[in-house]
Amino acid sequence: MKQSIVTGAQTQDQNRREAFGFSFNGGIPGYKVEYVKEAVQCGSGAVADMQGAAGILVVTMRPAVAHDEAGKSTVTQGAFLSSGRVIKGIRQICDFEGVVAFAIGLSATDPFEVVELDGKLGIIVGKAN
């Protein structure tokens, strides 16, 4: 399977819930989305600071990279902030040996939905009202 390049990541409101979306060059890679107790950075094994998060959702993608041939990030930044009521913060925790992972700090361990649309991957969290 060809390695995908993560080219974008952003948060947005989605019908009273919140979403975190990824865009790619090379198609959507394989992925796993799961709740974890701690967000562990690959390589170092250090626990990432997910300040204020009651729940942590980790999105792991492979085969994928989030950097170009010169080593420069293809994603705007490694940490993202959200002013939303559900998503409290987002941090890139891995870009190593074909694995890219992001930790999403949430206000609670709410249900989530994974959506693939037009070559993008979206994680929608929160309770629908």
# chains A, B, ... in the order shown; residues from 1 in each chain; ligands from 1

call {"tool": "residues_around", "arguments": {"residues": "Ala53 of chain A", "least_positions_apart": "3", "cutoff": "8 Å", "atoms": "only C-alpha atoms", "output": "PyMOL selection string"}}
result
chain A and resi 50+56+88-89+105-108

call {"tool": "atom_distance", "arguments": {"atom1": "atom CA of Lys127 of chain A", "atom2": "atom CA of Phe22 of chain A"}}
result
21.1 Å

call {"tool": "residues_around", "arguments": {"residues": "segment 29-38 of chain A", "least_positions_apart": "5", "cutoff": "8 Å", "atoms": "only C-alpha atoms", "output": "number ranges by chain"}}
result
A: 3-4, 47-48, 55-64, 109

call {"tool": "atom_distance", "arguments": {"atom1": "atom CA of Gln92 of chain A", "atom2": "atom CA of Gly43 of chain A"}}
result
12.8 Å

call {"tool": "closest_residue", "arguments": {"among": "A:Thr74, A:Ser23, A:Arg17, A:Val6", "to": "Gly122 of chain A", "atoms": "only C-alpha atoms"}}
result
A:Ser23

call {"tool": "closest_residue", "arguments": {"among": "A:Gln10, A:Ser73, A:Asn25, A:Gln41", "to": "Ile90 of chain A", "atoms": "only C-alpha atoms"}}
result
A:Gln10

call {"tool": "decode", "arguments": {"residues": "chain A", "atoms": "C-alpha atoms", "output": "compact mmCIF listing (two decimals), in the first residue's frame"}}
result
# COMPACT_ATOMS: atom_id res chain seq x y z
CA MET A 1 0.00 0.00 0.00
CA LYS A 2 1.28 3.46 -0.93
CA GLN A 3 2.11 5.85 1.91
CA SER A 4 -0.31 8.77 2.23
CA ILE A 5 0.77 12.30 3.16
CA VAL A 6 -1.32 14.12 5.77
CA THR A 7 -1.75 17.57 4.21
CA GLY A 8 -4.27 19.18 6.52
CA ALA A 9 -6.01 18.92 9.84
CA GLN A 10 -8.69 21.16 11.25
CA THR A 11 -11.56 21.42 13.69
CA GLN A 12 -15.09 22.51 12.88
CA ASP A 13 -18.63 22.56 14.27
CA GLN A 14 -20.82 19.80 12.89
CA ASN A 15 -24.55 19.99 13.69
CA ARG A 16 -24.12 20.80 17.40
CA ARG A 17 -21.24 18.35 17.62
CA GLU A 18 -17.59 18.99 16.82
CA ALA A 19 -15.40 17.42 14.18
CA PHE A 20 -11.71 17.01 13.55
CA GLY A 21 -10.84 16.36 9.93
CA PHE A 22 -7.79 15.19 8.01
CA SER A 23 -6.98 15.65 4.33
CA PHE A 24 -4.44 13.61 2.40
CA ASN A 25 -2.33 13.40 -0.70
CA GLY A 26 -2.38 9.77 -1.83
CA GLY A 27 -5.75 8.74 -0.39
CA ILE A 28 -7.01 7.86 3.06
CA PRO A 29 -4.55 5.51 4.79
CA GLY A 30 -5.53 2.71 7.13
CA TYR A 31 -6.60 4.09 10.50
CA LYS A 32 -7.61 3.19 14.03
CA VAL A 33 -9.60 5.48 16.35
CA GLU A 34 -9.78 4.65 20.06
CA TYR A 35 -10.08 6.11 23.55
CA VAL A 36 -6.92 5.88 25.65
CA LYS A 37 -5.96 6.80 29.22
CA GLU A 38 -2.79 8.66 28.14
CA ALA A 39 -1.53 10.06 24.84
CA VAL A 40 1.94 8.56 24.44
CA GLN A 41 4.34 10.10 21.93
CA CYS A 42 5.92 7.54 19.63
CA GLY A 43 9.68 7.28 19.65
CA SER A 44 10.25 8.96 23.03
CA GLY A 45 7.42 7.26 24.93
CA ALA A 46 6.74 10.56 26.72
CA VAL A 47 3.18 11.27 27.79
CA ALA A 48 1.75 14.24 25.86
CA ASP A 49 0.16 17.03 27.90
CA MET A 50 -3.56 17.01 27.17
CA GLN A 51 -4.41 19.65 29.75
CA GLY A 52 -8.07 19.82 30.72
CA ALA A 53 -9.10 16.67 28.85
CA ALA A 54 -11.53 14.29 30.54
CA GLY A 55 -11.23 11.88 27.60
CA ILE A 56 -8.50 11.31 25.01
CA LEU A 57 -9.26 9.96 21.57
CA VAL A 58 -6.26 8.85 19.47
CA VAL A 59 -6.37 8.60 15.69
CA THR A 60 -3.53 6.44 14.32
CA MET A 61 -2.94 6.31 10.56
CA ARG A 62 -0.68 4.00 8.56
CA PRO A 63 1.04 3.93 6.17
CA ALA A 64 1.27 7.70 6.38
CA VAL A 65 3.65 10.61 6.92
CA ALA A 66 3.13 14.19 8.03
CA HIS A 67 6.36 15.62 6.67
CA ASP A 68 8.00 16.26 3.30
CA GLU A 69 11.31 14.91 2.00
CA ALA A 70 13.18 17.72 3.78
CA GLY A 71 11.56 16.80 7.10
CA LYS A 72 9.27 19.85 7.19
CA SER A 73 5.77 19.25 8.55
CA THR A 74 3.02 18.99 5.95
CA VAL A 75 0.47 19.83 8.66
CA THR A 76 0.16 23.46 9.77
CA GLN A 77 1.25 22.78 13.36
CA GLY A 78 1.67 19.92 15.80
CA ALA A 79 -0.78 21.21 18.43
CA PHE A 80 -4.25 22.60 17.79
CA LEU A 81 -6.59 24.45 20.09
CA SER A 82 -10.35 24.49 19.91
CA SER A 83 -12.70 26.88 21.63
CA GLY A 84 -15.45 24.31 21.28
CA ARG A 85 -17.35 22.74 24.08
CA VAL A 86 -16.35 19.15 23.19
CA ILE A 87 -12.84 19.31 21.67
CA LYS A 88 -10.46 20.86 24.21
CA GLY A 89 -7.16 20.40 22.37
CA ILE A 90 -5.38 18.39 19.71
CA ARG A 91 -1.78 17.34 19.53
CA GLN A 92 0.18 15.43 16.91
CA ILE A 93 1.88 12.64 18.85
CA CYS A 94 3.53 10.60 16.10
CA ASP A 95 5.13 10.91 12.67
CA PHE A 96 7.60 8.05 12.66
CA GLU A 97 8.27 5.02 10.43
CA GLY A 98 5.07 5.31 8.42
CA VAL A 99 2.79 5.99 11.39
CA VAL A 100 1.04 9.32 12.08
CA ALA A 101 -1.09 9.81 15.18
CA PHE A 102 -3.07 12.66 16.71
CA ALA A 103 -4.50 12.85 20.23
CA ILE A 104 -7.78 14.72 20.65
CA GLY A 105 -8.54 15.94 24.18
CA LEU A 106 -12.27 15.94 24.89
CA SER A 107 -14.53 17.29 27.62
CA ALA A 108 -15.91 13.75 28.14
CA THR A 109 -15.72 10.28 26.62
CA ASP A 110 -18.65 11.01 24.32
CA PRO A 111 -19.64 8.76 21.41
CA PHE A 112 -17.74 9.37 18.18
CA GLU A 113 -18.34 8.69 14.53
CA VAL A 114 -15.75 8.18 11.79
CA VAL A 115 -16.66 9.49 8.34
CA GLU A 116 -14.83 9.15 5.01
CA LEU A 117 -15.90 11.71 2.42
CA ASP A 118 -14.23 12.98 -0.75
CA GLY A 119 -10.81 11.63 0.23
CA LYS A 120 -10.98 13.13 3.73
CA LEU A 121 -11.29 11.47 7.11
CA GLY A 122 -13.46 13.06 9.79
CA ILE A 123 -13.93 12.25 13.45
CA ILE A 124 -17.20 13.65 14.81
CA VAL A 125 -17.55 13.74 18.60
CA GLY A 126 -20.25 14.75 21.01
CA LYS A 127 -23.85 13.90 21.64
CA ALA A 128 -26.37 14.90 18.98
CA ASN A 129 -29.07 17.10 20.47
